[in-house]
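As provided, structure_12.cif (mmCIF, C-alpha atoms) reads as follows.
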data_input
#
loop_
_atom_site.label_atom_id
_atom_site.label_comp_id
_atom_site.auth_asym_id
_atom_site.auth_seq_id
_atom_site.Cartn_x
_atom_site.Cartn_y
_atom_site.Cartn_z
CA MET A 6 -103.62 87.62 43.37
CA SER A 7 -103.48 85.78 40.05
CA LEU A 8 -100.48 86.69 37.90
CA THR A 9 -99.32 86.64 34.30
CA LEU A 10 -95.64 86.67 33.38
CA ARG A 11 -94.36 88.02 30.07
CA THR A 12 -91.40 89.75 28.44
CA ILE A 13 -91.54 93.53 28.86
CA SER A 14 -89.72 96.43 27.23
CA ARG A 15 -86.72 98.08 28.86
CA GLU A 16 -88.80 101.25 29.24
CA GLN A 17 -91.50 99.38 31.18
CA HIS A 18 -88.86 97.71 33.32
CA LEU A 19 -87.09 101.01 34.10
CA ALA A 20 -90.37 102.78 34.91
CA TYR A 21 -91.19 99.97 37.37
CA ILE A 22 -87.75 100.21 39.08
CA GLN A 23 -88.14 104.00 39.31
CA SER A 24 -91.50 103.55 41.07
CA LEU A 25 -89.82 101.65 43.95
CA PRO A 26 -87.88 103.02 46.94
CA SER A 27 -84.86 101.09 45.57
CA ALA A 28 -83.69 97.91 43.86
CA SER A 29 -80.32 96.28 43.24
CA HIS A 30 -78.09 97.89 40.62
CA CYS A 31 -77.83 94.36 39.12
CA GLN A 32 -81.57 94.53 38.31
CA VAL A 33 -81.74 97.79 36.35
CA PRO A 34 -82.20 97.30 32.58
CA ALA A 35 -78.82 98.93 31.79
CA TRP A 36 -77.01 96.22 33.75
CA ALA A 37 -77.62 94.03 30.68
CA ASP A 38 -75.37 96.40 28.68
CA VAL A 39 -72.67 96.16 31.36
CA LYS A 40 -72.82 92.35 31.07
CA SER A 41 -72.86 92.37 27.27
CA GLU A 42 -71.30 88.89 26.99
CA TRP A 43 -74.63 87.52 28.32
CA ARG A 44 -77.90 87.56 26.37
CA SER A 45 -80.61 89.34 28.37
CA GLU A 46 -84.36 89.58 28.80
CA ASN A 47 -86.66 91.80 30.86
CA LEU A 48 -89.49 89.94 32.57
CA GLY A 49 -92.65 91.44 34.06
CA TRP A 50 -95.32 90.04 36.38
CA PHE A 51 -98.81 91.50 35.86
CA ASP A 52 -101.77 91.43 38.25
CA ASP A 53 -104.59 89.85 36.22
CA LYS A 54 -107.26 91.91 38.00
CA THR A 55 -105.79 95.37 37.43
CA GLY A 56 -103.41 94.68 34.54
CA GLN A 57 -100.74 96.48 36.57
CA LEU A 58 -97.04 95.60 36.48
CA VAL A 59 -96.28 94.29 40.00
CA GLY A 60 -92.81 92.73 39.60
CA ALA A 61 -89.82 92.71 37.25
CA GLY A 62 -86.65 90.76 36.65
CA LEU A 63 -83.52 91.16 34.56
CA VAL A 64 -82.44 87.73 33.29
CA LEU A 65 -78.94 87.16 31.95
CA TYR A 66 -78.45 84.06 29.79
CA ARG A 67 -75.05 82.47 29.36
CA GLN A 68 -74.50 79.62 26.93
CA LEU A 69 -72.88 76.43 28.17
CA PRO A 70 -69.74 75.63 26.11
CA LYS A 71 -70.57 73.38 23.12
CA VAL A 72 -74.31 73.19 23.98
CA LYS A 73 -77.19 75.38 22.78
CA ARG A 74 -78.57 75.62 26.29
CA TYR A 75 -78.27 78.41 28.83
CA LEU A 76 -77.73 79.21 32.45
CA ALA A 77 -80.39 81.83 33.31
CA TYR A 78 -79.20 84.20 36.04
CA LEU A 79 -81.16 86.88 37.93
CA PRO A 80 -78.48 88.66 40.02
CA GLU A 81 -79.99 90.06 43.24
CA GLY A 82 -83.42 89.50 41.75
CA PRO A 83 -86.11 89.18 40.60
CA VAL A 84 -87.73 92.29 42.08
CA ILE A 85 -91.00 90.76 43.30
CA ASN A 86 -93.01 90.49 46.52
CA TRP A 87 -90.82 87.86 48.22
CA TYR A 88 -93.10 87.73 51.25
CA ALA A 89 -96.20 86.89 49.19
CA PRO A 90 -98.03 83.86 50.64
CA ASN A 91 -98.29 82.43 47.10
CA LEU A 92 -94.56 82.67 46.25
CA ASP A 93 -94.78 79.60 44.00
CA GLU A 94 -97.32 81.43 41.80
CA TRP A 95 -94.61 84.05 41.13
CA LEU A 96 -91.76 81.60 40.53
CA LYS A 97 -93.41 78.66 38.71
CA PRO A 98 -94.34 80.69 35.59
CA MET A 99 -90.80 82.14 35.61
CA LEU A 100 -89.26 78.64 35.57
CA ALA A 101 -91.62 77.53 32.79
CA HIS A 102 -90.75 80.62 30.73
CA LEU A 103 -86.98 80.22 31.23
CA LYS A 104 -87.16 76.54 30.29
CA GLN A 105 -88.95 77.57 27.08
CA GLN A 106 -86.09 80.01 26.42
CA GLY A 107 -83.59 77.13 26.49
CA ALA A 108 -82.38 77.40 30.11
CA PHE A 109 -81.07 74.19 31.68
CA SER A 110 -80.52 75.84 35.09
CA VAL A 111 -81.72 78.98 36.85
CA LYS A 112 -79.78 80.94 39.45
CA MET A 113 -81.31 83.83 41.38
CA GLY A 114 -80.43 85.96 44.39
CA PRO A 115 -83.53 86.97 46.37
CA PRO A 116 -82.94 90.48 47.78
CA VAL A 117 -84.18 89.25 51.17
CA VAL A 118 -82.27 90.10 54.37
CA ILE A 119 -82.18 87.36 57.00
CA ARG A 120 -79.87 88.70 59.77
CA LYS A 121 -78.02 91.86 60.85
CA TRP A 122 -75.19 92.47 63.31
CA ASP A 123 -74.41 95.98 64.53
CA ALA A 124 -70.85 97.29 64.95
CA PRO A 125 -70.63 96.78 68.76
CA ALA A 126 -71.69 93.11 68.37
CA ILE A 127 -69.06 92.54 65.67
CA LYS A 128 -66.34 94.27 67.73
CA ALA A 129 -67.16 92.07 70.71
CA GLY A 130 -67.02 89.05 68.39
CA ILE A 131 -63.60 90.04 67.05
CA GLN A 132 -62.30 90.29 70.63
CA ASN A 133 -63.68 86.88 71.59
CA PRO A 134 -61.16 84.10 70.70
CA ASP A 135 -63.98 81.51 70.42
CA VAL A 136 -65.71 83.47 67.66
CA LYS A 137 -64.49 82.62 64.16
CA ARG A 138 -67.46 83.64 62.00
CA LEU A 139 -70.29 86.16 62.00
CA ARG A 140 -72.71 83.26 62.52
CA ASP A 141 -71.07 82.58 65.92
CA ILE A 142 -72.37 85.96 67.16
CA GLU A 143 -75.93 86.56 68.32
CA PRO A 144 -77.52 88.73 65.55
CA THR A 145 -78.87 92.14 66.60
CA HIS A 146 -81.77 91.71 64.17
CA ILE A 147 -83.44 88.60 62.72
CA GLU A 148 -86.10 88.66 59.99
CA PRO A 149 -88.40 85.66 60.65
CA ARG A 150 -90.15 86.04 57.27
CA ALA A 151 -86.83 85.41 55.51
CA PHE A 152 -86.67 81.91 57.04
CA GLU A 153 -90.14 81.28 55.59
CA VAL A 154 -88.89 82.37 52.14
CA SER A 155 -85.98 79.90 52.39
CA ASP A 156 -88.32 77.09 53.50
CA LYS A 157 -90.72 77.77 50.61
CA LEU A 158 -87.87 77.77 48.09
CA ARG A 159 -86.57 74.42 49.38
CA ARG A 160 -90.05 72.89 49.18
CA MET A 161 -90.33 74.11 45.57
CA GLY A 162 -87.11 72.32 44.66
CA TRP A 163 -84.67 75.26 44.73
CA GLN A 164 -81.20 74.30 45.99
CA GLN A 165 -78.31 75.99 47.72
CA GLY A 166 -74.69 74.88 47.60
CA GLU A 167 -72.58 74.53 50.73
CA ASP A 168 -71.19 78.03 50.20
CA GLY A 169 -74.66 79.50 49.68
CA GLY A 170 -74.87 78.52 46.03
CA ALA A 171 -71.79 78.13 43.88
CA GLY A 172 -72.21 78.72 40.18
CA PHE A 173 -71.20 80.58 37.18
CA GLY A 174 -71.01 84.24 36.53
CA ASP A 175 -70.60 87.10 38.95
CA VAL A 176 -71.82 85.43 42.10
CA GLN A 177 -73.03 88.26 44.32
CA PRO A 178 -72.00 88.57 47.98
CA ARG A 179 -74.20 86.99 50.64
CA TYR A 180 -72.74 89.20 53.40
CA VAL A 181 -72.48 92.96 52.93
CA PHE A 182 -71.74 95.93 55.16
CA GLN A 183 -74.19 98.86 55.26
CA VAL A 184 -74.40 102.22 56.99
CA PRO A 185 -78.07 103.08 57.65
CA LEU A 186 -78.81 106.75 56.88
CA ALA A 187 -82.61 106.97 57.18
CA GLY A 188 -83.77 108.97 60.18
CA ARG A 189 -80.21 109.93 61.22
CA SER A 190 -78.43 113.26 60.99
CA LEU A 191 -74.95 113.41 59.43
CA ASP A 192 -73.63 114.24 62.91
CA GLU A 193 -75.13 111.02 64.25
CA VAL A 194 -73.60 109.08 61.38
CA GLN A 195 -70.16 110.53 62.09
CA LYS A 196 -70.53 109.91 65.83
CA GLY A 197 -71.07 106.25 64.92
CA PHE A 198 -67.54 106.07 63.42
CA ASN A 199 -64.87 104.58 65.64
CA GLN A 200 -62.03 106.76 66.96
CA LEU A 201 -59.59 105.59 64.30
CA TRP A 202 -61.97 106.61 61.49
CA ARG A 203 -62.65 110.01 63.02
CA ARG A 204 -58.93 110.56 63.60
CA ASN A 205 -58.07 109.54 60.03
CA ILE A 206 -60.72 111.87 58.54
CA LYS A 207 -59.25 114.75 60.59
CA LYS A 208 -55.71 113.77 59.56
CA ALA A 209 -56.70 113.86 55.85
CA GLU A 210 -58.38 117.28 56.28
CA LYS A 211 -55.32 118.68 58.04
CA ALA A 212 -52.99 117.36 55.35
CA GLY A 213 -55.13 119.04 52.67
CA VAL A 214 -56.48 115.91 50.98
CA GLU A 215 -59.22 116.93 48.54
CA VAL A 216 -61.89 114.61 47.19
CA VAL A 217 -63.22 115.35 43.71
CA GLN A 218 -65.69 113.76 41.35
CA GLY A 219 -64.31 112.53 38.03
CA GLY A 220 -65.92 111.86 34.66
CA TYR A 221 -65.69 109.33 31.85
CA GLU A 222 -62.41 110.89 30.67
CA ASP A 223 -60.81 110.10 34.06
CA LEU A 224 -61.36 106.33 33.85
CA ALA A 225 -57.80 105.72 32.58
CA GLU A 226 -56.50 107.33 35.79
CA TRP A 227 -58.94 105.18 37.79
CA GLN A 228 -57.55 102.12 36.00
CA ARG A 229 -53.96 103.06 36.92
CA LEU A 230 -54.81 103.05 40.64
CA TYR A 231 -57.00 99.96 40.33
CA GLU A 232 -54.19 97.94 38.69
CA ILE A 233 -51.76 98.98 41.45
CA THR A 234 -54.36 97.68 43.94
CA ALA A 235 -54.75 94.41 42.00
CA ILE A 236 -51.01 93.70 42.17
CA ARG A 237 -50.89 94.55 45.88
CA ASP A 238 -54.00 92.54 46.83
CA LYS A 239 -53.32 89.69 44.35
CA PHE A 240 -56.55 89.69 42.32
CA ARG A 241 -57.15 89.77 38.57
CA PRO A 242 -58.27 93.27 37.56
CA ARG A 243 -61.09 93.95 35.12
CA PRO A 244 -59.99 95.77 31.95
CA LEU A 245 -60.49 99.51 31.45
CA SER A 246 -63.09 98.71 28.77
CA TYR A 247 -65.33 97.12 31.43
CA PHE A 248 -65.49 100.34 33.47
CA GLN A 249 -65.94 102.46 30.34
CA GLN A 250 -68.86 100.28 29.29
CA GLN A 251 -70.33 100.39 32.81
CA PHE A 252 -70.06 104.18 32.98
CA ARG A 253 -71.63 104.69 29.54
CA ALA A 254 -74.42 102.14 29.99
CA LEU A 255 -75.51 103.10 33.50
CA ASN A 256 -75.31 106.87 33.02
CA SER A 257 -77.19 106.80 29.73
CA GLU A 258 -80.06 105.17 31.67
CA ASP A 259 -79.81 107.71 34.51
CA PRO A 260 -77.14 110.46 34.56
CA ASN A 261 -76.64 109.90 38.30
CA ARG A 262 -76.41 106.08 38.26
CA MET A 263 -72.60 105.79 38.42
CA ARG A 264 -70.10 108.24 39.89
CA LEU A 265 -66.32 108.27 40.05
CA TYR A 266 -64.36 109.79 42.95
CA PHE A 267 -60.68 110.62 43.51
CA ALA A 268 -58.86 111.55 46.72
CA ARG A 269 -55.83 113.67 45.89
CA HIS A 270 -52.98 115.27 47.79
CA ASN A 271 -50.70 117.96 46.30
CA GLY A 272 -52.35 117.32 42.92
CA VAL A 273 -51.59 113.57 42.96
CA ASN A 274 -54.45 111.06 42.94
CA LEU A 275 -53.91 108.58 45.79
CA ALA A 276 -57.24 106.74 45.92
CA ALA A 277 -60.33 106.30 43.75
CA ALA A 278 -63.75 104.67 43.94
CA THR A 279 -66.89 104.09 41.93
CA MET A 280 -70.33 104.68 43.41
CA LEU A 281 -73.69 103.36 42.15
CA VAL A 282 -77.11 104.87 42.88
CA VAL A 283 -80.57 103.27 42.50
CA GLY A 284 -83.31 105.18 44.32
CA GLY A 285 -82.51 105.33 48.03
CA HIS A 286 -79.76 102.70 47.88
CA VAL A 287 -76.17 103.85 47.26
CA TRP A 288 -73.26 101.43 46.82
CA TYR A 289 -69.54 101.91 47.14
CA SER A 290 -68.75 99.56 44.28
CA TYR A 291 -65.04 99.39 43.41
CA GLY A 292 -62.14 100.93 45.32
CA ALA A 293 -58.48 101.52 44.45
CA SER A 294 -55.47 103.15 46.08
CA ASP A 295 -51.81 103.81 45.42
CA ASN A 296 -49.00 102.37 47.53
CA ILE A 297 -47.83 105.91 48.31
CA GLY A 298 -49.43 108.64 50.43
CA ARG A 299 -51.24 106.27 52.77
CA GLU A 300 -50.19 108.35 55.79
CA VAL A 301 -52.56 111.17 54.71
CA ARG A 302 -55.52 108.70 54.83
CA PRO A 303 -57.04 109.34 51.39
CA SER A 304 -59.43 106.35 51.58
CA ASN A 305 -61.11 107.55 54.79
CA ALA A 306 -61.50 111.07 53.34
CA MET A 307 -63.03 109.65 50.15
CA GLN A 308 -65.50 107.38 51.99
CA TRP A 309 -66.64 110.29 54.18
CA ARG A 310 -67.25 112.46 51.10
CA MET A 311 -69.14 109.63 49.32
CA LEU A 312 -71.23 109.00 52.41
CA ARG A 313 -72.09 112.72 52.67
CA ASP A 314 -73.01 112.79 48.96
CA ALA A 315 -75.20 109.69 49.41
CA TYR A 316 -76.90 111.48 52.33
CA ALA A 317 -77.42 114.61 50.20
CA LEU A 318 -79.06 112.43 47.52
CA GLY A 319 -81.59 111.32 50.15
CA ALA A 320 -80.23 107.77 50.40
CA SER A 321 -81.59 105.54 53.15
CA VAL A 322 -78.52 103.27 53.09
CA TYR A 323 -74.85 103.54 52.12
CA ASP A 324 -73.74 100.06 51.12
CA LEU A 325 -70.05 99.13 51.33
CA ARG A 326 -70.79 95.84 49.53
CA GLY A 327 -69.23 92.48 50.20
CA ILE A 328 -67.48 91.22 53.30
CA SER A 329 -66.38 87.73 54.26
CA ASP A 330 -68.18 86.19 57.24
CA SER A 331 -64.78 85.30 58.76
CA LEU A 332 -63.73 87.13 61.93
CA ASP A 333 -60.43 85.28 62.13
CA GLU A 334 -57.57 87.80 62.24
CA THR A 335 -55.36 85.45 60.20
CA ASP A 336 -57.89 85.43 57.32
CA HIS A 337 -56.69 87.56 54.37
CA LEU A 338 -60.13 89.21 54.14
CA PHE A 339 -60.22 90.20 57.81
CA GLY A 340 -58.81 93.69 57.10
CA LEU A 341 -61.82 94.43 54.90
CA ILE A 342 -64.41 93.87 57.63
CA GLN A 343 -62.18 95.72 60.11
CA PHE A 344 -62.07 98.79 57.80
CA LYS A 345 -65.84 98.70 57.22
CA VAL A 346 -66.80 98.11 60.89
CA GLY A 347 -65.08 101.43 61.65
CA THR A 348 -68.01 103.23 59.96
CA GLY A 349 -70.31 102.08 62.77
CA GLY A 350 -72.68 100.40 60.30
CA GLU A 351 -73.95 96.83 60.33
CA ALA A 352 -73.16 93.51 58.69
CA VAL A 353 -76.15 92.26 56.72
CA GLU A 354 -76.76 88.69 55.60
CA TYR A 355 -79.04 87.93 52.64
CA VAL A 356 -80.66 84.52 52.06
CA GLY A 357 -78.00 83.86 49.41
CA GLU A 358 -78.20 82.61 45.84
CA TRP A 359 -80.42 79.67 44.84
CA ASP A 360 -80.31 77.25 41.90
CA PHE A 361 -83.07 75.38 40.14
CA PRO A 362 -81.83 72.59 37.83
CA LEU A 363 -84.27 72.38 34.90
CA ASN A 364 -82.05 69.69 33.36
CA LYS A 365 -80.27 67.75 36.11
CA LEU A 366 -77.66 66.24 33.81
CA LEU A 367 -76.55 69.58 32.31
CA HIS A 368 -76.71 71.23 35.75
CA LYS A 369 -74.32 68.55 37.07
CA ALA A 370 -72.05 69.09 34.05
CA LEU A 371 -71.99 72.83 34.85
CA ASP A 372 -70.97 72.11 38.47
CA ILE A 373 -68.10 69.90 37.28
CA TYR A 374 -67.03 72.48 34.68
CA MET A 375 -67.05 75.24 37.31
CA SER A 376 -65.10 73.23 39.90
CA ARG A 377 -62.34 72.70 37.32
CA ARG A 378 -62.09 76.37 36.29
#
Output the structure of this file as structure tokens.
Amino acid sequence: MSLTLRTISREQHLAYIQSLPSASHCQVPAWADVKSEWRSENLGWFDDKTGQLVGAGLVLYRQLPKVKRYLAYLPEGPVINWYAPNLDEWLKPMLAHLKQQGAFSVKMGPPVVIRKWDAPAIKAGIQNPDVKRLRDIEPTHIEPRAFEVSDKLRRMGWQQGEDGGAGFGDVQPRYVFQVPLAGRSLDEVQKGFNQLWRRNIKKAEKAGVEVVQGGYEDLAEWQRLYEITAIRDKFRPRPLSYFQQQFRALNSEDPNRMRLYFARHNGVNLAAATMLVVGGHVWYSYGASDNIGREVRPSNAMQWRMLRDAYALGASVYDLRGISDSLDETDHLFGLIQFKVGTGGEAVEYVGEWDFPLNKLLHKALDIYMSRR
């Protein structure tokens, strides 16, 4: 297939995304409005024979301090045929175009899965004192074509940092946790939960925890719970304006793109979460909870409701987003994987983010700048 790459309109880009079973929420046109501090561009690949749009990418450009040159970033994209035998014919014109646009370095995150580990394999790994990382466990699924993609990228000159590609901007997780929904009944999904999850869902029901959907006007209440969480878990919270912008931008593109949930008990909101929907892929995006009322298990009740809603939307996967690959109980992120494994889903590893230095000197300067930040 011979291809032509050119800038496309947001409408063309959105229509292409809507024609697919799913794509990352970081690759919908409205994501550019969420990341408004970056300049953006919508790219399209056309099949020369048919004139049809066969691939798309959202590019975010960030200027390097004091220089009129940009880092070009395609988070969890571009959305192309990654298994095409002629992968270089897709990526070479993209690099040429981005260089023309003033990019000194390109970062992308191919949405290509390389390995999966099911819940029983992870549980066995956690119990084995010799296992420290997911990679120490035999995967339950390996995608051989993903190794070919990585090999092709290396041969083309794409690079990966030690940590799977360090760089600038919102580096997306390489390891995520997903609950497959396709071809399963809700009963089967719930049977996959571990005993603790099932017990906690029952406990919340018995205590009268109710889970409700909120709207834009409830984002201040979301922010209250989120800031409590930030203090407890020692991270820097995003401002309320970020979530307001995200809600407005995503839902003006598709009224069902972003949802807000609250778990409440006796009229008091104890936990909250945001959910994102693109086609058959549903993500639990941000979560928050109060320091009080934990004994009535609001977070389990909320996840179960969100999972059921994802199922009702016809989702093929409920994605709990990032996990660390560490299975060491002393690691501060261990609790996260432990909570997510309870859903009976699977850990999924992507091929990670890749960099292409178009200007080696500026790329090196960016690395130094980032390591000092």
- Apply the PyMOL selection byres ((chain A and resi 151) around 10) to the structure shown and report the selected residues as a ChimeraX atom specification. /A:87-88,115,117-120,147-150,152-157,355-356
- Task: Identify which of the residues A:Met311, A:Val273, A:Ala28, A:Val181 lies closest to Leu341 in chain A, counting only C-alpha atoms when measuring atom-to-atom distances.
- Result: A:Val181
- Message: I'd like the neighbourhood of Gly114 in chain A as JSON, numbers by chain, where a residue qualifies if any of its atoms comes within 12 Å (using all atoms listed in the file), though same-chain residues fewer than 2 positions away should be ignored.
- Response: {"A": [29, 31, 32, 62, 63, 64, 77, 78, 79, 80, 81, 82, 83, 84, 85, 87, 111, 112, 116, 117, 118, 155, 158, 163, 164, 165, 169, 170, 171, 172, 175, 176, 177, 178, 179, 355, 356, 357, 358, 359, 360, 361]}
- Task: Could you please determine the separation between CA of Leu318 in chain A and CA of Ala268 in chain A in Å, to one decimal place?
- Result: 20.2 Å
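CA of Gly219 in chain A is found 5.6 Å from CA of Tyr266 in chain A.
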Go ahead and fit an axis-aligned box to every listed atom of range 100-105 of chain A plus 8 Å each side, and pass me the centre and edge lengths in Å, one decimal, as AutoDock Vina command-line options.
--center_x -89.3 --center_y 78.6 --center_z 31.3 --size_x 20.6 --size_y 20.1 --size_z 24.5
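Of the listed residues (A:Gln183, A:Ser376, A:Ser45, A:Thr234), A:Gln183 comes nearest to Ile328 in chain A; the distances count only C-alpha atoms.
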- Name the residues captured by the PyMOL selection byres ((chain A and resi 253) around 12) when it is applied to the shown file; answer as a PyMOL selection string. chain A and resi 35-36+38-39+220-222+224+246-252+254-264
- Evaluate the PyMOL selection byres ((chain A and resi 362-372) around 6) and report residues as a PyMOL selection string: chain A and resi 109-110+361+373-375
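Distance-wise, CA of Tyr289 in chain A and CA of Glu193 in chain A end up 20.2 Å apart.
Between Thr9 in chain A and the residues A:Gln57, A:Ser27, A:Asn205, A:Asn271, the shortest atom-to-atom distance, using all atoms listed in the file, involves A:Gln57.
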- Note on the structure: Restricting to only C-alpha atoms, whichever of A:Leu19, A:Ile13, A:Ile297, A:Leu76 is closest to Gly49 in chain A is A:Ile13
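Closest approach to Tyr231 in chain A among A:Gly284, A:Pro90, A:Gly292, A:Pro26 is made by A:Gly292 (distances from only C-alpha atoms).
Considering the residues A:Asp192, A:Asp330, A:Glu42, A:Asp238 and counting all atoms listed in the file, Trp122 in chain A has its shortest atom-to-atom contact with A:Asp330.
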- Query: Skipping near chain neighbours, those fewer than 6 positions away, what residues fall within 10 Å of Thr145 in chain A using only C-alpha atoms, listed as a PyMOL selection string?
  - Reply: chain A and resi 120-127+351-352
- Write out as an MDAnalysis selection string the residues lying within 7 Å of His18 in chain A, counting only C-alpha atoms and excluding same-chain residues fewer than 6 positions away. chainID A and resid 34 47 61
How about completing range 102-120 of chain A with N, CA, C and O atoms and giving it to me as a PDB file, in the coordinates of the input?
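Printed below is out18.pdb as written:
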ATOM      1  N   HIS A 102     -91.169  79.702  31.793  1.00  0.00           N
ATOM      2  CA  HIS A 102     -90.750  80.620  30.730  1.00  0.00           C
ATOM      3  C   HIS A 102     -89.263  80.433  30.406  1.00  0.00           C
ATOM      4  O   HIS A 102     -88.873  80.372  29.235  1.00  0.00           O
ATOM      5  N   LEU A 103     -88.425  80.332  31.443  1.00  0.00           N
ATOM      6  CA  LEU A 103     -86.980  80.220  31.230  1.00  0.00           C
ATOM      7  C   LEU A 103     -86.627  78.892  30.566  1.00  0.00           C
ATOM      8  O   LEU A 103     -85.716  78.823  29.740  1.00  0.00           O
ATOM      9  N   LYS A 104     -87.380  77.856  30.916  1.00  0.00           N
ATOM     10  CA  LYS A 104     -87.160  76.540  30.290  1.00  0.00           C
ATOM     11  C   LYS A 104     -87.466  76.643  28.791  1.00  0.00           C
ATOM     12  O   LYS A 104     -86.715  76.133  27.950  1.00  0.00           O
ATOM     13  N   GLN A 105     -88.549  77.339  28.489  1.00  0.00           N
ATOM     14  CA  GLN A 105     -88.950  77.570  27.080  1.00  0.00           C
ATOM     15  C   GLN A 105     -87.864  78.322  26.307  1.00  0.00           C
ATOM     16  O   GLN A 105     -87.681  78.124  25.119  1.00  0.00           O
ATOM     17  N   GLN A 106     -87.157  79.195  27.030  1.00  0.00           N
ATOM     18  CA  GLN A 106     -86.090  80.010  26.420  1.00  0.00           C
ATOM     19  C   GLN A 106     -84.789  79.218  26.245  1.00  0.00           C
ATOM     20  O   GLN A 106     -83.789  79.764  25.803  1.00  0.00           O
ATOM     21  N   GLY A 107     -84.793  77.947  26.670  1.00  0.00           N
ATOM     22  CA  GLY A 107     -83.590  77.130  26.490  1.00  0.00           C
ATOM     23  C   GLY A 107     -82.693  77.046  27.700  1.00  0.00           C
ATOM     24  O   GLY A 107     -81.540  76.612  27.614  1.00  0.00           O
ATOM     25  N   ALA A 108     -83.205  77.474  28.885  1.00  0.00           N
ATOM     26  CA  ALA A 108     -82.380  77.400  30.110  1.00  0.00           C
ATOM     27  C   ALA A 108     -82.355  75.970  30.634  1.00  0.00           C
ATOM     28  O   ALA A 108     -83.389  75.305  30.661  1.00  0.00           O
ATOM     29  N   PHE A 109     -81.170  75.513  31.044  1.00  0.00           N
ATOM     30  CA  PHE A 109     -81.070  74.190  31.680  1.00  0.00           C
ATOM     31  C   PHE A 109     -80.962  74.343  33.198  1.00  0.00           C
ATOM     32  O   PHE A 109     -81.144  73.393  33.950  1.00  0.00           O
ATOM     33  N   SER A 110     -80.651  75.581  33.658  1.00  0.00           N
ATOM     34  CA  SER A 110     -80.520  75.840  35.090  1.00  0.00           C
ATOM     35  C   SER A 110     -80.798  77.313  35.350  1.00  0.00           C
ATOM     36  O   SER A 110     -80.480  78.158  34.506  1.00  0.00           O
ATOM     37  N   VAL A 111     -81.403  77.595  36.493  1.00  0.00           N
ATOM     38  CA  VAL A 111     -81.720  78.980  36.850  1.00  0.00           C
ATOM     39  C   VAL A 111     -81.027  79.304  38.169  1.00  0.00           C
ATOM     40  O   VAL A 111     -81.059  78.498  39.102  1.00  0.00           O
ATOM     41  N   LYS A 112     -80.391  80.473  38.210  1.00  0.00           N
ATOM     42  CA  LYS A 112     -79.780  80.940  39.450  1.00  0.00           C
ATOM     43  C   LYS A 112     -80.361  82.311  39.766  1.00  0.00           C
ATOM     44  O   LYS A 112     -80.473  83.156  38.862  1.00  0.00           O
ATOM     45  N   MET A 113     -80.777  82.513  41.003  1.00  0.00           N
ATOM     46  CA  MET A 113     -81.310  83.830  41.380  1.00  0.00           C
ATOM     47  C   MET A 113     -80.805  84.204  42.780  1.00  0.00           C
ATOM     48  O   MET A 113     -80.380  83.344  43.556  1.00  0.00           O
ATOM     49  N   GLY A 114     -80.875  85.479  43.084  1.00  0.00           N
ATOM     50  CA  GLY A 114     -80.430  85.960  44.390  1.00  0.00           C
ATOM     51  C   GLY A 114     -81.521  86.810  45.023  1.00  0.00           C
ATOM     52  O   GLY A 114     -81.541  88.031  44.850  1.00  0.00           O
ATOM     53  N   PRO A 115     -82.455  86.180  45.763  1.00  0.00           N
ATOM     54  CA  PRO A 115     -83.530  86.970  46.370  1.00  0.00           C
ATOM     55  C   PRO A 115     -82.970  88.121  47.218  1.00  0.00           C
ATOM     56  O   PRO A 115     -82.117  87.888  48.069  1.00  0.00           O
ATOM     57  N   PRO A 116     -83.425  89.357  46.984  1.00  0.00           N
ATOM     58  CA  PRO A 116     -82.940  90.480  47.780  1.00  0.00           C
ATOM     59  C   PRO A 116     -83.626  90.518  49.146  1.00  0.00           C
ATOM     60  O   PRO A 116     -84.295  91.484  49.501  1.00  0.00           O
ATOM     61  N   VAL A 117     -83.473  89.427  49.888  1.00  0.00           N
ATOM     62  CA  VAL A 117     -84.180  89.250  51.170  1.00  0.00           C
ATOM     63  C   VAL A 117     -83.141  89.150  52.287  1.00  0.00           C
ATOM     64  O   VAL A 117     -82.288  88.269  52.269  1.00  0.00           O
ATOM     65  N   VAL A 118     -83.220  90.077  53.239  1.00  0.00           N
ATOM     66  CA  VAL A 118     -82.270  90.100  54.370  1.00  0.00           C
ATOM     67  C   VAL A 118     -82.742  89.139  55.448  1.00  0.00           C
ATOM     68  O   VAL A 118     -83.916  89.136  55.812  1.00  0.00           O
ATOM     69  N   ILE A 119     -81.824  88.343  55.976  1.00  0.00           N
ATOM     70  CA  ILE A 119     -82.180  87.360  57.000  1.00  0.00           C
ATOM     71  C   ILE A 119     -81.670  87.745  58.396  1.00  0.00           C
ATOM     72  O   ILE A 119     -82.348  87.540  59.382  1.00  0.00           O
ATOM     73  N   ARG A 120     -80.440  88.316  58.463  1.00  0.00           N
ATOM     74  CA  ARG A 120     -79.870  88.700  59.770  1.00  0.00           C
ATOM     75  C   ARG A 120     -79.041  89.971  59.651  1.00  0.00           C
ATOM     76  O   ARG A 120     -78.507  90.259  58.582  1.00  0.00           O
TER      77      ARG A 120
END
